[in-house]
Amino acid sequence: MLPVDSCTGFVWSCGYRSHVVLRLHPPRRGKGLSSMSFSSLSHEGRRLVAPVGSVGCVDGEVSWLRNGHPTMGGCFSVSMSCDQMVNQFSKWLCLKGSYIHNLAENLVSLEKAMGVLKAKRDDVQGRVDREEFTGHRQSLAQVQVWLTRILDIENQFNDLLSTSNLELERLCMCGFCSKNLKLSYRYGKRVILVLKEVESLISQGEFNVVTEATPRSEVEELPTHPTIVGQETTLERVWNCLTKDTVGVVGLHGMGGVGKTTLLTQINNKFSKTGEGFDIVIWVESGMRKTTKRELLDIHNVLRRKKFVLLLDDIWEKVNLSAVGVPYPSTENGCKVVFTTRSRDVCGRMGVYDPIEVTCLDSDKAWDLFKKKVGENTLESHSDIPKLARQVAEKCRGLPLALNVIGETMACKRTVQEWHLALDVLTSSAQEFLGMEDEILPILKYSYDNLKGEQAKSCFLYCSLLYHSFEKERLIEYWICEGFIDEKEGRERAFNVGNEILWTLVRASLLEEEGSSYLKIHDVVRDMGLWIASDLGKHKERCIAQTDIGLREVPKVKNWKDVRALSLMGTSIDKISESPDCPELTTLFLASNERLTTISGDFFRSMPRLLVLNLSRCYNFNGLPEQISRLSSLRCLGLAGTQMDRLPVGFQELKMLIHLNLEFTKVVSCDWISNLSRLRTLKLAGSQVWLDMSLMKELQLLKHLEFVSINICSSLVGKLLLYDPRVGRCIQQIYTADVFVLPAMDTLRRINIWKYGGREIEVVEKTPLNKSPTNLTWLLFAPNLTSLFVFESKQLEEIISKDKAASVLEETRNDTLVPFKNLEVIFLADLPELKSIFWSALPFERLKHFAVYTCVKLSKLPLDSKSILKVEEFDFDCEEEEWIQGIEWEDEATRNRFLPSFKRRANR
């Protein structure tokens with residue numbers, strides 16, 4: 001203890017140490033004596049040196065000097081009692097000193113407190129996220145403020161932590177001093193303040209409730225294309241479905257690029273404007289994500305209490321809603337699911353049995369969309385451009401994707417030459433058009449990629465060779481001959497497999513139905529198939545298809561050895577004299593070339609692997625060369641509708657041939673047909689060949705024969721067919737001017753009857769039918785008939801007579817016989833006396849096409865409201881509006897069900 005009366009001191013720094021220097025004064029008389037203790041006090045000459053924070057005074061007078069001298073302006077003096085000074089300074093020394101000498105301890109406390117706060121923050125945020133998941137709850141304002149303050153304090157903490165090592169290294173003298181007192185003091189003070197804020201936030205983070213209900217979740221409006229054309233009617237139909245309590249799931253299907261996603265976006269945006277009483281609208285693209293069991297339960301527990309709309313875009317397989325926690329829509333919960341898909345199969349598997357098809361635009365709407373994309377400035381830049389633009393738009397076949405991309409590409413083309421070039425490219429090799437390979441074909445390719453198995457993919461690519469529309473039966477025959485479908489187990493099974501593949505392609509929106517017997521392929525989808533077949537354009541000569549383009553000669557090919565398929569259908573080629581070397585060629589389509597007359601023998605010189613050759617509907621083609629015998633691998637030959645009246649001798653060398661079509665040719669004899677021992681299908685209907693004993697013996701030698709179409713008009717027919725019932729069962733299509741009963745009519749699939757004028761009926765097996773010049777009641781014996789064509793009969797009054805049928809049923813003791821249950825097509829024309837098809841309504845289980853022309857007395861149809869299950873797939877063709885008005889309907893329900901179809905067909 002050092003007694004002092006008064007002192008003068010100052011603070012000074014020398015390098016790494018700071019000091020308070022005190023100058024002692026003698027005590028004054030009459031004044032009280034104060035004293036204070038200085039630890040580590042040192043002498044420097046006449047001066048005493050104490051650590052920072054030490055001071056002595058008498059009568060409260062303190063003089064602060066710099067370098068032993070008073071500061072500028074003299075001494076700064078504060079008068080107070082020495083005891084007060086000591087007390088106040090001690091408190092200050094304790095508080096301020098703790099910022100520095102307790103820094104390490106304070107940092108540790110701050111880190112621990114921050115860990116607790118973060119954990120509490122994560123718990124609260126997790127509760128908020130779970131409750132906000134559906135969008136019908138939002139966090140409380142106080143919770144949001146608390147979370148925001150934590151974010152701010154976390155940034156401050158990270159800032160302090162980033163310099164903590166440097167600040168700790170700055171301390172000296174066992175933490176009681178610092179190399180930079182000012183910086184250490186400020187840093188230590190910030191640590192204490194942040195620590196207090198963290199502790200405060202921890203205490204404030206106890207929330208019983210973290211969210212509150214919102215009146216209605218906001219639906220975020222999605223961006224969509226500004227030029228939407230032609231979807232107004234479909235949008236209205238979907239919206240009407242969503243407003244019905246009885247509809248829970250709505251499915252939209254259609255080919256790629258047709259605008260399904262755009263339509264779904266419009267639906268979403270419509271909800272964003274109206275809400276329609278739903279709590280939440282959820283958009284999921286390309287299926288549902290996988291969920292854990294905990295997530296599944298969380299989703300389900302949230303959604304089961306809410307009225308929601310789930311929008312699923314572009315799904316490729318069934319989405320099991322329960323497997324991802326989504327309650328199934330019902331009348332009770334009022335929820336809805338709307339999805340888009342390219343597969344009609346998905347619609348069925350999702351429980352939608354009346355899906356909404358999104359189709360291509362009609363010509364007017366397509367032109368409207370194309371005009372908007374091209375722009376008026378371009379269309380008005382030359383008087384010829386609008387006409388050319390319409391032709392370019394037509395190449396898109398109403399597909400919005402193609403209209404958009406091609407329209408944008410042509411928007412800057414303002415010369416006639418550019419438009420002519422665009423039209424030529426789109427006609428001959430569309431995949432080379434700018435934007436086609438980058439923006440159109442890859443999108444369509446997803447449909448191909450999602451086909452199950454290589455068989456379906458190969459069958460689809462084959463369709464790309466064909467010409468606009470094609471017959472289902474003929475296409476399956478091609479697939480069989482190409483080896484895509486095995487026919488070893490019989491034609492019927494092979495056709496069942498083929499039909500399943502066809503329906504797979506139709507349901508995948510890669511093919512479209514056209515009537516009951518035909519399919520068609522969209523031009524852009526066809527271009528996509530050719531692109532894939534050419535290895536995405538890398539080998540463009542591998543698969544050549546130039547159809548319906550006015551081609552006058554066989555195209556120039558750089559490398560014939562690479563060609564595997566060549567389709568030149570619907571061209572203007574009049575003769576073929578080339579001799580290409582085609583070792584890999586398997587398919588050659590030359591059909592529908594009306595000018596083609598001859599083909600040189602050299603053309604077939606080097607096609608050793610050719611499997612399919614089609615020359616059908618080459619109406620001026622008059623004969624095959626003898627060199628046809630070189631086609632040793634040929635399995636399918638189509639010559640229907642040609643002018644050929646004979647077949648060359650070399651024809652008999654086609655030992656691998658399994659399918660031969662000579663329908664509507666002038667060929668008069670097939671006496672050599674038994675040489676084609678592998679033949680399974682023989683089509684002669686409409687030709688000059690008639691069934692007689694000579695042909696019967698030839699057919700009898702064909703052990704693999706399964707299908708025959710033939711002309712029949714002889715009274716010997718019954719005896720011929722009884723001669724070999726196996727051959728009789730092979731006859732599945734007949735053209736006749738006679739009417740009779742065949743001994744095995746359960747195999748009959750198609751009947752064409754023309755110019756029926758009251759001839760006698762030949763009864764082969766015992767039936768109650770004798771002469772009936774005015775009806776076709778004998779058709780009761782053809783229960784598996786799929787196609788019925790009757791035309792140019794002047795006396796026919798009834799297809800099936802009620803009186804005659806009653807006697808048939810009595811004689812055969814069969815009172816359950818239902819006619820036409822397998823019928824798919826009915827075609828009636830030029831039957832002026834026809835009054836009745838059947839006396840009551842029939843259950844047409846498979847009927848898809850019904851045509852009536854010039855049957856003025858036919859006023860009652862065998863239809864009621866339950867006759868056809870899917871009326872939307874039913875077509876009715878007729879010409880006379882007056883005849884439609886005179887139809888006697890079974891009841892009003894029947895009229896309402898079928899009349900729209902009648903009108904639609906009548907007004908085409």
# chains A, B, ... in the order shown; residues from 1 in each chain; ligands from 1
>>> select_by_dssp(residues="region 550-717 of chain A", states="strand (DSSP E)", output="PyMOL selection string")
chain A and resi 565-567+575-576+587-589+598-599+612-614+636-638+659-661+681-683+707-712
>>> write_last_selection(atoms="N, CA and C atoms", output="compact mmCIF listing (two decimals), in the first residue's frame")
# COMPACT_ATOMS: atom_id res chain seq x y z
N ALA A 565 -34.55 -50.22 -97.39
CA ALA A 565 -35.97 -50.08 -97.70
C ALA A 565 -36.14 -48.93 -98.69
N LEU A 566 -36.97 -49.16 -99.70
CA LEU A 566 -37.21 -48.15 -100.73
C LEU A 566 -38.71 -48.07 -100.97
N SER A 567 -39.28 -46.87 -100.76
CA SER A 567 -40.71 -46.67 -100.98
C SER A 567 -40.89 -45.52 -101.96
N LYS A 575 -41.71 -45.87 -116.22
CA LYS A 575 -40.98 -47.11 -116.44
C LYS A 575 -39.71 -47.13 -115.60
N ILE A 576 -39.26 -48.33 -115.29
CA ILE A 576 -38.06 -48.50 -114.48
C ILE A 576 -37.09 -49.38 -115.27
N THR A 587 -37.27 -54.39 -98.54
CA THR A 587 -38.62 -53.90 -98.78
C THR A 587 -38.64 -52.96 -99.97
N LEU A 588 -39.56 -53.21 -100.92
CA LEU A 588 -39.68 -52.36 -102.10
C LEU A 588 -41.16 -52.08 -102.36
N PHE A 589 -41.56 -50.83 -102.14
CA PHE A 589 -42.94 -50.40 -102.37
C PHE A 589 -43.00 -49.52 -103.62
N THR A 598 -43.93 -50.66 -117.14
CA THR A 598 -42.98 -51.78 -117.24
C THR A 598 -41.82 -51.62 -116.27
N ILE A 599 -41.24 -52.77 -115.93
CA ILE A 599 -40.01 -52.82 -115.14
C ILE A 599 -39.06 -53.77 -115.85
N VAL A 612 -40.38 -58.22 -99.46
CA VAL A 612 -41.70 -57.67 -99.77
C VAL A 612 -41.60 -56.81 -101.02
N LEU A 613 -42.46 -57.12 -102.00
CA LEU A 613 -42.57 -56.32 -103.22
C LEU A 613 -44.05 -56.01 -103.44
N ASN A 614 -44.39 -54.73 -103.49
CA ASN A 614 -45.79 -54.34 -103.65
C ASN A 614 -45.93 -53.45 -104.89
N CYS A 636 -43.59 -61.91 -99.93
CA CYS A 636 -44.85 -61.22 -100.13
C CYS A 636 -44.83 -60.50 -101.47
N LEU A 637 -45.87 -60.75 -102.29
CA LEU A 637 -45.98 -60.09 -103.59
C LEU A 637 -47.39 -59.56 -103.76
N GLY A 638 -47.51 -58.23 -103.92
CA GLY A 638 -48.80 -57.60 -104.11
C GLY A 638 -48.94 -57.07 -105.52
N HIS A 659 -47.33 -65.08 -99.27
CA HIS A 659 -48.47 -64.20 -99.44
C HIS A 659 -48.51 -63.71 -100.89
N LEU A 660 -49.65 -63.93 -101.56
CA LEU A 660 -49.82 -63.51 -102.95
C LEU A 660 -51.18 -62.85 -103.11
N ASN A 661 -51.16 -61.62 -103.63
CA ASN A 661 -52.39 -60.87 -103.82
C ASN A 661 -52.58 -60.56 -105.30
N THR A 681 -51.40 -67.38 -97.77
CA THR A 681 -52.47 -66.44 -98.09
C THR A 681 -52.56 -66.27 -99.60
N LEU A 682 -53.75 -66.48 -100.16
CA LEU A 682 -53.96 -66.32 -101.59
C LEU A 682 -55.21 -65.48 -101.80
N LYS A 683 -55.05 -64.34 -102.47
CA LYS A 683 -56.17 -63.43 -102.69
C LYS A 683 -56.46 -63.33 -104.19
N PHE A 707 -55.73 -68.84 -95.74
CA PHE A 707 -56.66 -67.77 -96.09
C PHE A 707 -56.80 -67.68 -97.61
N VAL A 708 -58.07 -67.63 -98.06
CA VAL A 708 -58.36 -67.48 -99.48
C VAL A 708 -59.49 -66.49 -99.65
N SER A 709 -59.31 -65.56 -100.57
CA SER A 709 -60.45 -64.74 -101.04
C SER A 709 -60.69 -65.14 -102.48
N ILE A 710 -61.96 -65.33 -102.87
CA ILE A 710 -62.24 -65.97 -104.16
C ILE A 710 -63.59 -65.49 -104.70
N ASN A 711 -63.74 -65.61 -106.02
CA ASN A 711 -65.02 -65.38 -106.67
C ASN A 711 -65.79 -66.69 -106.73
N ILE A 712 -67.08 -66.63 -106.40
CA ILE A 712 -67.92 -67.82 -106.43
C ILE A 712 -69.22 -67.51 -107.15
>>> residues_around(residues="Leu296 (chain A)", least_positions_apart="3", cutoff="9 Å", atoms="only C-alpha atoms", output="PyMOL selection string")
chain A and resi 291-293+299-301+322-326
>>> write_last_selection(atoms="C-alpha atoms", output="PDB file, in the first residue's frame")
ATOM      1  CA  THR A 291     -41.517 -40.886 -51.475  1.00  0.00           C
ATOM      2  CA  THR A 292     -40.441 -42.461 -48.221  1.00  0.00           C
ATOM      3  CA  LYS A 293     -43.023 -43.981 -45.931  1.00  0.00           C
ATOM      4  CA  ILE A 299     -48.605 -35.959 -47.597  1.00  0.00           C
ATOM      5  CA  HIS A 300     -51.656 -38.101 -47.020  1.00  0.00           C
ATOM      6  CA  ASN A 301     -52.434 -36.570 -43.627  1.00  0.00           C
ATOM      7  CA  SER A 322     -52.066 -43.999 -52.924  1.00  0.00           C
ATOM      8  CA  ALA A 323     -48.413 -45.031 -53.254  1.00  0.00           C
ATOM      9  CA  VAL A 324     -47.374 -41.373 -53.095  1.00  0.00           C
ATOM     10  CA  GLY A 325     -49.827 -40.362 -50.404  1.00  0.00           C
ATOM     11  CA  VAL A 326     -52.470 -38.699 -52.589  1.00  0.00           C
TER      12      VAL A 326
END
>>> residues_around(residues="region 369-374 of chain A", least_positions_apart="5", cutoff="7 Å", atoms="only C-alpha atoms", output="compact mmCIF listing (two decimals) with N, CA and C atoms, in the first residue's frame")
# COMPACT_ATOMS: atom_id res chain seq x y z
N VAL A 229 -54.06 -21.16 -80.22
CA VAL A 229 -55.15 -21.18 -81.20
C VAL A 229 -55.77 -22.57 -81.24
N ALA A 393 -48.00 -24.62 -94.58
CA ALA A 393 -48.80 -24.92 -93.38
C ALA A 393 -49.47 -26.28 -93.49
N LEU A 403 -46.34 -26.34 -86.61
CA LEU A 403 -46.79 -25.01 -87.06
C LEU A 403 -46.01 -23.90 -86.38
N ASN A 404 -45.75 -24.06 -85.11
CA ASN A 404 -45.00 -23.05 -84.37
C ASN A 404 -43.55 -22.96 -84.85
N GLY A 407 -43.35 -22.07 -88.63
CA GLY A 407 -43.80 -20.69 -88.78
C GLY A 407 -42.75 -19.70 -88.33
N GLU A 408 -42.11 -19.98 -87.18
CA GLU A 408 -41.04 -19.10 -86.70
C GLU A 408 -39.86 -19.08 -87.66
N MET A 410 -39.95 -19.47 -90.86
CA MET A 410 -40.29 -18.76 -92.10
C MET A 410 -40.63 -17.29 -91.87
N ALA A 411 -40.63 -16.84 -90.63
CA ALA A 411 -41.05 -15.46 -90.33
C ALA A 411 -40.17 -14.41 -91.00
>>> residues_around(residues="Glu584 (chain A)", least_positions_apart="3", cutoff="8 Å", atoms="only C-alpha atoms", output="PyMOL selection string")
chain A and resi 561-564+607-610
>>> residues_around(residues="Val818 (chain A)", least_positions_apart="6", cutoff="8 Å", atoms="only C-alpha atoms", output="PyMOL selection string")
chain A and resi 780+783+842
>>> residues_around(residues="Glu437 (chain A)", least_positions_apart="3", cutoff="9 Å", atoms="only C-alpha atoms", output="list in words")
Gln431, Glu432, Phe433, Leu434, Ile440, Leu441, Pro442, Met528, Trp531, Leu536 and Gly537 of chain A
>>> write_last_selection(atoms="C-alpha atoms", output="PDB file, in the first residue's frame")
ATOM      1  CA  GLN A 431     -35.952 -33.890 -91.598  1.00  0.00           C
ATOM      2  CA  GLU A 432     -33.485 -31.516 -93.283  1.00  0.00           C
ATOM      3  CA  PHE A 433     -35.715 -28.491 -92.682  1.00  0.00           C
ATOM      4  CA  LEU A 434     -34.249 -26.009 -90.195  1.00  0.00           C
ATOM      5  CA  ILE A 440     -39.636 -31.228 -83.501  1.00  0.00           C
ATOM      6  CA  LEU A 441     -38.377 -34.755 -84.117  1.00  0.00           C
ATOM      7  CA  PRO A 442     -36.728 -35.275 -80.687  1.00  0.00           C
ATOM      8  CA  MET A 528     -39.732 -38.914 -87.283  1.00  0.00           C
ATOM      9  CA  TRP A 531     -35.263 -40.114 -89.162  1.00  0.00           C
ATOM     10  CA  LEU A 536     -31.027 -40.108 -86.612  1.00  0.00           C
ATOM     11  CA  GLY A 537     -30.087 -38.830 -90.041  1.00  0.00           C
TER      12      GLY A 537
END
>>> residues_around(residues="Lys472 (chain A)", least_positions_apart="3", cutoff="12 Å", atoms="only C-alpha atoms", output="number ranges by chain")
A: 463, 466, 469, 475-479, 495-496, 498-503, 506, 511-520
>>> closest_residue(among="A:Leu684, A:Ile202, A:Ile443, A:Leu310", to="Tyr328 (chain A)", atoms="only C-alpha atoms")
A:Leu310
>>> closest_residue(among="A:Asp152, A:Glu798, A:Glu332, A:Glu111", to="Trp778 (chain A)", atoms="only C-alpha atoms")
A:Glu798
>>> atom_distance(atom1="CA of Arg678 (chain A)", atom2="CA of Cys543 (chain A)")
28.8 Å
>>> closest_residue(among="A:Arg390, A:Tyr448, A:Leu423, A:Lys260", to="Val358 (chain A)", atoms="only C-alpha atoms")
A:Lys260
>>> decode(residues="region 670-686 of chain A", atoms="N, CA and C atoms", output="compact mmCIF listing (two decimals), in the first residue's frame")
# COMPACT_ATOMS: atom_id res chain seq x y z
N CYS A 670 -54.69 -70.00 -112.45
CA CYS A 670 -53.68 -70.26 -111.41
C CYS A 670 -53.40 -71.76 -111.34
N ASP A 671 -53.31 -72.38 -112.50
CA ASP A 671 -53.13 -73.83 -112.54
C ASP A 671 -51.80 -74.28 -111.94
N TRP A 672 -50.86 -73.37 -111.83
CA TRP A 672 -49.51 -73.68 -111.34
C TRP A 672 -49.34 -73.35 -109.85
N ILE A 673 -50.40 -72.90 -109.20
CA ILE A 673 -50.27 -72.33 -107.87
C ILE A 673 -49.73 -73.32 -106.85
N SER A 674 -49.93 -74.61 -107.08
CA SER A 674 -49.48 -75.61 -106.11
C SER A 674 -47.96 -75.67 -106.03
N ASN A 675 -47.24 -75.09 -107.02
CA ASN A 675 -45.77 -75.06 -106.96
C ASN A 675 -45.26 -74.15 -105.84
N LEU A 676 -46.11 -73.24 -105.41
CA LEU A 676 -45.72 -72.34 -104.31
C LEU A 676 -46.11 -73.00 -102.99
N SER A 677 -45.34 -73.98 -102.60
CA SER A 677 -45.72 -74.90 -101.52
C SER A 677 -45.82 -74.23 -100.15
N ARG A 678 -45.17 -73.09 -99.96
CA ARG A 678 -45.21 -72.42 -98.66
C ARG A 678 -46.36 -71.41 -98.54
N LEU A 679 -47.16 -71.29 -99.59
CA LEU A 679 -48.19 -70.26 -99.63
C LEU A 679 -49.20 -70.44 -98.48
N ARG A 680 -49.45 -69.32 -97.77
CA ARG A 680 -50.42 -69.32 -96.68
C ARG A 680 -51.63 -68.45 -97.00
N THR A 681 -51.40 -67.38 -97.77
CA THR A 681 -52.47 -66.44 -98.09
C THR A 681 -52.56 -66.27 -99.60
N LEU A 682 -53.75 -66.48 -100.16
CA LEU A 682 -53.96 -66.32 -101.59
C LEU A 682 -55.21 -65.48 -101.80
N LYS A 683 -55.05 -64.34 -102.47
CA LYS A 683 -56.17 -63.43 -102.69
C LYS A 683 -56.46 -63.33 -104.19
N LEU A 684 -57.66 -63.82 -104.55
CA LEU A 684 -58.06 -63.86 -105.96
C LEU A 684 -59.40 -63.15 -106.19
N ALA A 685 -60.02 -62.64 -105.15
CA ALA A 685 -61.34 -62.01 -105.31
C ALA A 685 -61.26 -60.83 -106.27
N GLY A 686 -62.26 -60.74 -107.16
CA GLY A 686 -62.30 -59.64 -108.11
C GLY A 686 -61.44 -59.85 -109.34
